[in-house]
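Q: So that you have it, the file is model_25.cif, and it contains mmCIF, C-alpha atoms:
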data_work
loop_
_atom_site.label_atom_id
_atom_site.label_comp_id
_atom_site.auth_asym_id
_atom_site.auth_seq_id
_atom_site.Cartn_x
_atom_site.Cartn_y
_atom_site.Cartn_z
CA MET J 456 24.42 6.93 -9.34
CA VAL J 457 22.42 6.81 -12.58
CA ILE J 458 19.27 4.67 -12.46
CA ARG J 459 18.54 2.22 -15.27
CA GLN J 460 14.81 1.79 -15.76
CA HIS J 461 14.90 -1.47 -17.70
CA THR J 462 16.76 -4.75 -17.57
CA ASN J 463 17.53 -7.25 -20.32
CA ILE J 464 15.79 -10.61 -19.83
CA PHE J 465 16.53 -13.11 -22.59
CA GLY J 466 16.94 -10.31 -25.10
CA THR J 467 13.80 -8.44 -24.03
CA TYR J 468 13.89 -5.15 -22.14
CA ALA J 469 11.62 -5.45 -19.13
CA PRO J 470 10.69 -2.45 -16.93
CA TRP J 471 11.87 -2.79 -13.35
CA TYR J 472 8.58 -1.43 -12.04
CA GLY J 473 6.61 -4.22 -13.69
CA ILE J 474 9.03 -6.80 -12.33
CA CYS J 475 8.64 -5.45 -8.79
CA VAL J 476 4.85 -5.44 -9.09
CA CYS J 477 4.96 -9.11 -10.08
CA LEU J 478 7.24 -9.86 -7.13
CA SER J 479 4.88 -8.09 -4.74
CA LEU J 480 1.93 -10.12 -6.03
CA LEU J 481 4.00 -13.28 -5.62
CA ALA J 482 4.69 -12.26 -2.02
CA MET J 483 0.95 -11.92 -1.45
CA VAL J 484 0.23 -15.38 -2.88
CA VAL J 485 2.97 -16.99 -0.76
CA TRP J 486 1.63 -15.17 2.31
CA ILE J 487 -1.90 -16.46 1.73
CA LEU J 488 -0.76 -20.05 1.23
CA TYR J 489 1.50 -19.87 4.27
CA GLY J 490 -1.40 -18.57 6.35
CA PHE J 491 -3.53 -21.60 5.50
CA LYS J 492 -1.31 -23.80 7.64
CA GLN J 493 -0.34 -21.23 10.25
CA HIS J 494 -3.95 -20.36 11.14
CA ARG J 495 -5.34 -23.86 10.50
CA ILE J 496 -7.86 -22.56 7.99
CA ASN J 497 -10.25 -25.22 6.75
CA GLU J 498 -10.85 -25.96 3.10
CA TYR J 499 -14.09 -23.98 2.90
CA GLN J 500 -12.44 -20.86 4.36
CA GLN J 501 -9.43 -21.32 2.09
CA ASN J 502 -11.78 -21.02 -0.88
CA GLU J 503 -13.29 -17.88 0.67
CA LEU J 504 -9.82 -16.34 1.01
CA LEU J 505 -8.82 -17.23 -2.53
CA MET J 506 -12.07 -15.79 -3.89
CA GLY J 507 -11.55 -12.59 -1.93
CA PHE J 508 -7.97 -12.05 -3.10
CA PRO J 509 -8.77 -10.80 -6.66
CA PHE J 510 -11.72 -8.77 -5.31
CA VAL J 511 -9.46 -6.95 -2.84
CA MET J 512 -6.72 -6.34 -5.41
CA LEU J 513 -8.94 -5.14 -8.27
CA PHE J 514 -11.19 -2.92 -6.17
CA GLY J 515 -8.07 -1.35 -4.67
CA VAL J 516 -6.70 -0.66 -8.16
CA ALA J 517 -9.97 0.98 -9.24
CA ILE J 518 -10.00 3.35 -6.24
CA ALA J 519 -6.28 4.07 -6.72
CA PHE J 520 -6.83 5.31 -10.28
CA VAL J 521 -9.90 7.35 -9.34
CA LEU J 522 -8.23 9.15 -6.45
CA ASP J 523 -5.09 9.83 -8.49
CA VAL J 524 -6.93 11.59 -11.32
CA VAL J 525 -8.90 13.57 -8.74
CA PHE J 526 -5.94 14.63 -6.60
CA THR J 527 -3.62 15.49 -9.51
CA GLY J 528 -6.31 17.10 -11.67
CA ASP J 529 -5.68 14.64 -14.51
CA TRP J 530 -9.45 14.15 -14.79
CA ARG J 531 -9.49 17.35 -16.88
CA THR J 532 -7.54 15.58 -19.62
CA TRP J 533 -10.47 13.20 -20.06
CA LEU J 534 -12.83 16.02 -21.04
CA GLY J 535 -10.96 17.31 -24.09
CA ASN J 536 -9.01 16.03 -27.08
CA GLU J 537 -5.60 16.06 -25.38
CA GLN J 538 -3.80 12.93 -24.28
CA ARG J 539 -5.56 11.35 -21.32
CA ARG J 540 -3.38 11.01 -18.25
CA PHE J 541 -3.87 8.82 -15.22
CA GLY J 542 -1.69 7.39 -12.50
CA PHE J 543 -1.76 5.09 -9.52
CA THR J 544 -1.59 6.00 -5.84
CA TYR J 545 -0.88 3.41 -3.17
CA ALA J 546 -2.93 5.27 -0.57
CA GLY J 547 -5.92 5.05 -2.90
CA TRP J 548 -5.29 1.34 -3.42
CA LEU J 549 -5.09 0.76 0.33
CA LEU J 550 -8.36 2.62 0.88
CA GLY J 551 -10.08 0.48 -1.74
CA ALA J 552 -8.50 -2.69 -0.35
CA LEU J 553 -9.71 -1.87 3.17
CA ALA J 554 -13.25 -1.34 1.87
CA ALA J 555 -13.12 -4.62 -0.05
CA ILE J 556 -11.80 -6.51 2.99
CA TRP J 557 -14.60 -5.06 5.12
CA VAL J 558 -17.24 -6.18 2.60
CA HIS J 559 -15.66 -9.62 2.11
CA GLY J 560 -15.41 -10.15 5.85
CA ARG J 561 -19.09 -9.29 6.30
CA VAL J 562 -20.31 -11.79 3.70
CA THR J 563 -18.01 -14.71 4.58
CA SER J 564 -17.37 -16.80 7.68
CA LEU J 565 -13.88 -15.36 8.11
CA GLY J 566 -14.89 -12.03 9.65
CA THR J 567 -13.59 -8.53 8.96
CA MET J 568 -11.19 -8.33 11.90
CA PHE J 569 -9.52 -11.61 11.03
CA LEU J 570 -9.08 -10.58 7.40
CA LEU J 571 -7.59 -7.21 8.36
CA ASN J 572 -5.04 -8.82 10.66
CA TYR J 573 -4.39 -11.52 8.09
CA PHE J 574 -3.83 -9.31 5.02
CA LEU J 575 -2.46 -5.98 6.23
CA PRO J 576 1.04 -7.07 7.38
CA VAL J 577 1.93 -8.36 3.92
CA PHE J 578 0.75 -5.07 2.42
CA ALA J 579 3.81 -3.47 4.03
CA LEU J 580 6.11 -5.97 2.31
CA MET J 581 4.30 -5.58 -1.01
CA GLN J 582 4.53 -1.80 -0.89
CA GLY J 583 8.20 -2.02 0.07
CA ILE J 584 8.93 -4.13 -3.00
CA GLY J 585 6.84 -1.76 -5.11
CA ARG J 586 8.80 1.25 -3.83
CA ILE J 587 11.99 -0.33 -5.14
CA GLY J 588 10.23 -0.48 -8.50
CA CYS J 589 9.37 3.21 -8.11
CA LEU J 590 13.04 3.98 -7.47
CA LEU J 591 14.10 2.15 -10.60
CA SER J 592 11.30 3.50 -12.81
CA GLY J 593 11.68 7.14 -11.74
CA CYS J 594 8.23 7.79 -10.30
CA CYS J 595 7.64 9.08 -6.76
CA TYR J 596 11.08 10.72 -6.75
CA GLY J 597 12.50 12.86 -3.95
CA LYS J 598 13.60 16.47 -3.67
CA VAL J 599 16.67 17.78 -5.48
CA CYS J 600 19.79 17.52 -3.33
CA THR J 601 23.58 17.59 -3.66
CA TRP J 602 23.80 13.80 -3.53
CA GLY J 603 21.52 10.91 -4.36
CA VAL J 604 20.45 9.34 -7.65
CA LYS J 605 20.17 10.63 -11.22
CA TYR J 606 17.78 9.56 -13.93
CA PRO J 607 18.54 9.27 -17.67
CA PRO J 608 16.93 11.28 -20.48
CA GLY J 609 13.40 10.13 -21.22
CA SER J 610 12.56 9.49 -17.58
CA LEU J 611 10.02 11.54 -15.64
CA PRO J 612 12.55 13.15 -13.25
CA PHE J 613 14.79 14.16 -16.17
CA GLU J 614 11.85 15.81 -17.94
CA ARG J 615 10.91 17.73 -14.79
CA ILE J 616 14.27 18.67 -13.22
CA GLY J 617 16.92 17.72 -15.78
CA ASP J 618 20.30 16.25 -14.90
CA ALA J 619 20.07 16.72 -11.13
CA CYS J 620 20.50 14.46 -8.13
CA VAL J 621 17.38 13.62 -6.15
CA PHE J 622 16.98 12.18 -2.69
CA PRO J 623 16.30 8.40 -2.93
CA ILE J 624 13.08 8.69 -0.97
CA GLN J 625 11.69 5.48 -2.47
CA LEU J 626 14.58 3.46 -1.03
CA VAL J 627 14.10 5.00 2.42
CA GLU J 628 10.39 4.19 2.33
CA ALA J 629 11.07 0.64 1.15
CA PHE J 630 13.42 0.07 4.11
CA LEU J 631 10.91 1.48 6.62
CA LEU J 632 8.09 -0.62 5.17
CA VAL J 633 10.11 -3.81 5.43
CA CYS J 634 10.84 -2.88 9.06
CA LEU J 635 7.09 -2.34 9.56
CA PHE J 636 6.42 -5.79 8.10
CA VAL J 637 8.81 -7.36 10.61
CA ILE J 638 7.22 -5.43 13.48
CA CYS J 639 3.77 -6.65 12.40
CA LEU J 640 5.01 -10.23 12.49
CA LYS J 641 6.28 -9.71 16.04
CA ALA J 642 2.97 -8.20 17.18
CA ILE J 643 0.08 -10.20 18.62
CA PHE J 644 -2.10 -11.33 15.72
CA ARG J 645 -5.23 -9.40 16.72
CA PHE J 646 -3.23 -6.14 16.84
CA ARG J 647 -1.35 -6.53 13.54
CA ALA J 648 -3.82 -4.44 11.54
CA VAL J 649 -3.55 -1.62 14.09
CA VAL J 650 0.26 -1.72 14.01
CA TYR J 651 0.23 -1.61 10.23
CA LEU J 652 -2.25 1.25 9.93
CA PHE J 653 -0.45 3.40 12.51
CA GLY J 654 2.92 2.59 10.95
CA VAL J 655 2.02 3.20 7.32
CA ALA J 656 0.22 6.44 8.25
CA GLY J 657 3.26 7.77 10.11
CA ILE J 658 5.77 6.71 7.47
CA ARG J 659 3.89 8.27 4.58
CA PHE J 660 2.97 11.46 6.44
CA ILE J 661 6.61 12.23 7.32
CA LEU J 662 8.19 11.15 4.04
CA GLU J 663 5.80 13.30 2.02
CA PHE J 664 7.87 16.34 3.08
CA PHE J 665 10.83 14.88 1.15
CA ARG J 666 8.98 14.16 -2.11
CA GLY J 667 9.89 16.22 -5.17
CA ASP J 668 7.22 15.16 -7.66
CA ASN J 669 3.79 16.73 -8.10
CA ARG J 670 1.82 15.98 -4.95
CA GLY J 671 -1.55 17.39 -6.05
CA SER J 672 -4.09 18.97 -3.72
CA VAL J 673 -7.36 18.25 -1.97
CA PHE J 674 -10.03 20.79 -3.03
CA GLY J 675 -7.30 23.40 -3.46
CA VAL J 676 -5.75 22.84 -0.01
CA THR J 677 -1.97 22.66 -0.38
CA CYS J 678 -0.71 22.89 3.24
CA LEU J 679 -0.81 19.10 3.30
CA SER J 680 -0.56 16.75 0.33
CA PRO J 681 -3.41 14.39 -0.56
CA GLN J 682 -1.31 11.49 0.70
CA GLN J 683 -0.92 13.20 4.06
CA PHE J 684 -4.67 13.66 4.31
CA MET J 685 -5.01 9.96 3.47
CA SER J 686 -2.48 9.17 6.20
CA LEU J 687 -4.76 10.90 8.69
CA VAL J 688 -7.64 8.78 7.40
CA PHE J 689 -5.62 5.60 7.95
CA LEU J 690 -4.73 6.79 11.43
CA LEU J 691 -8.43 7.19 12.22
CA VAL J 692 -9.17 3.77 10.74
CA GLY J 693 -6.41 2.34 12.92
CA LEU J 694 -7.97 3.94 16.01
CA PHE J 695 -11.36 2.50 15.05
CA VAL J 696 -9.88 -0.99 14.59
CA LEU J 697 -8.11 -0.68 17.95
CA ILE J 698 -11.36 0.29 19.71
CA VAL J 699 -13.22 -2.64 18.12
CA THR J 700 -10.41 -5.01 19.10
CA ARG J 701 -10.49 -3.78 22.70
CA MET J 702 -14.28 -4.13 22.79
CA ASN J 703 -14.03 -7.69 21.50
CA ASP J 704 -11.41 -8.46 24.14
CA SER J 705 -13.68 -7.05 26.86
CA GLY J 706 -16.59 -9.09 25.57
CA SER J 707 -14.49 -12.25 25.66
CA ASP J 708 -13.43 -11.51 29.23
CA ASN J 709 -17.05 -11.04 30.30
CA VAL J 710 -18.02 -14.36 28.74
CA LYS J 711 -15.18 -16.10 30.59
CA GLU J 712 -16.28 -14.57 33.93
CA GLN J 713 -19.86 -15.75 33.36
CA CYS J 714 -18.64 -19.25 32.52
CA ASN J 715 -16.58 -19.34 35.70
#
Could you show the structure in this file as structure tokens?
A:
Amino acid sequence: MVIRQHTNIFGTYAPWYGICVCLSLLAMVVWILYGFKQHRINEYQQNELLMGFPFVMLFGVAIAFVLDVVFTGDWRTWLGNEQRRFGFTYAGWLLGALAAIWVHGRVTSLGTMFLLNYFLPVFALMQGIGRIGCLLSGCCYGKVCTWGVKYPPGSLPFERIGDACVFPIQLVEAFLLVCLFVICLKAIFRFRAVVYLFGVAGIRFILEFFRGDNRGSVFGVTCLSPQQFMSLVFLLVGLFVLIVTRMNDSGSDNVKEQCN
């Protein structure tokens, strides 16, 4: 199957990746508005959530670009006269988003733990939609195989590997992320962030072995890709969130015993 990277909308060729990014942002907005009623959030806290949304998104984007140029070595292109290159890594975005959520939770009445459990499940859906955009745009492609998808001339995979079939790793990841989103919805609210962090860490760590594009390195270490190192970071963050959640549960139980 040959992938088409653009679609015709009212006579204008629109990139599929951009369309999927817009759809993922729409999913986030719908999720936030739906949560207002589901969690009975008052008007003051609704304003806090809406103010935090652009902060979380933009800080995540900034960290995503920084980590990508560091991991891939593209920062060297910014020192000379050659064309400057930069990319976007979801793991970097997630790291920045987690930091922004932590800060926002500390300075608002919502609390960090609530915001993590509130936001993180929809991140799985957003990334799943984004991965479909990656499939259609040709980035984040899989290893060469005897079956799969082909990309046309002018695309990144064609420039790197020519007219060869690649494993549709983006589609596999999109499916697993949607499954993770459903699992998060089934989980108890206070454990949703933990489920997401464990799930996204495991999915990315395993699927990295099937990626065919340049994975970069961390300070010259190539036994694991930068994204796999980031997966280990998210696993540790998930363990930390789980410990804090358990401690909060124990504290609540102690308060109940004293009241009785």
Q: List the residues selected by the PyMOL selection byres ((chain J and resi 622-625) around 9) in the file shown, writing them as a ChimeraX atom specification.
A: /J:583,586-590,594-604,620-621,626-630,662,665-667
Q: What lies within 10 Å of Ala517 of chain J using all atoms listed in the file, ignoring chain neighbours under 4 positions off, as a list in words?
A: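 Contacts, with the query itself left out: Met512, Leu513, Val521, Leu522, Phe543, Gly547, Trp548, Gly551 and Ala552 of chain J.
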Q: Could you tell me, as number ranges by chain, which residues have any atom at most 10 Å from (-3.9, -6.8, 9.8), counting all atoms listed in the file?
A: J: 567-578, 639-640, 644-652, 693, 696
Q: Got a sec to resolve the PyMOL selection byres ((chain J and resi 559) around 9) on this structure and send the residues as a PyMOL selection string?
A: chain J and resi 503-504+507+510-511+554-558+560-563+565-567+570
Q: Starting from the PyMOL selection byres ((chain J and resi 686) around 8), expand the selection into actual residues of this file and give them as a PyMOL selection string.
A: chain J and resi 546+655-657+659-660+682-685+687-690
Q: Quick one: pull the distance between atom CA of Arg495 of chain J and atom CA of Phe514 of chain J, Å, one decimal.
A: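 We find that atom CA of Arg495 of chain J and atom CA of Phe514 of chain J lie 27.4 Å from each other.
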Q: Pick from J:Val633, J:Ile487, J:Ile661, J:Leu679: nearest to Ile584 of chain J, with only C-alpha atoms counted?
A: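 Nearest candidate to Ile584 of chain J out of J:Val633, J:Ile487, J:Ile661, J:Leu679: J:Val633.
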Q: What is the atom CA of Thr544 of chain J to atom CA of Leu694 of chain J distance in Å?
A: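 These atoms are spaced 22.9 Å apart.
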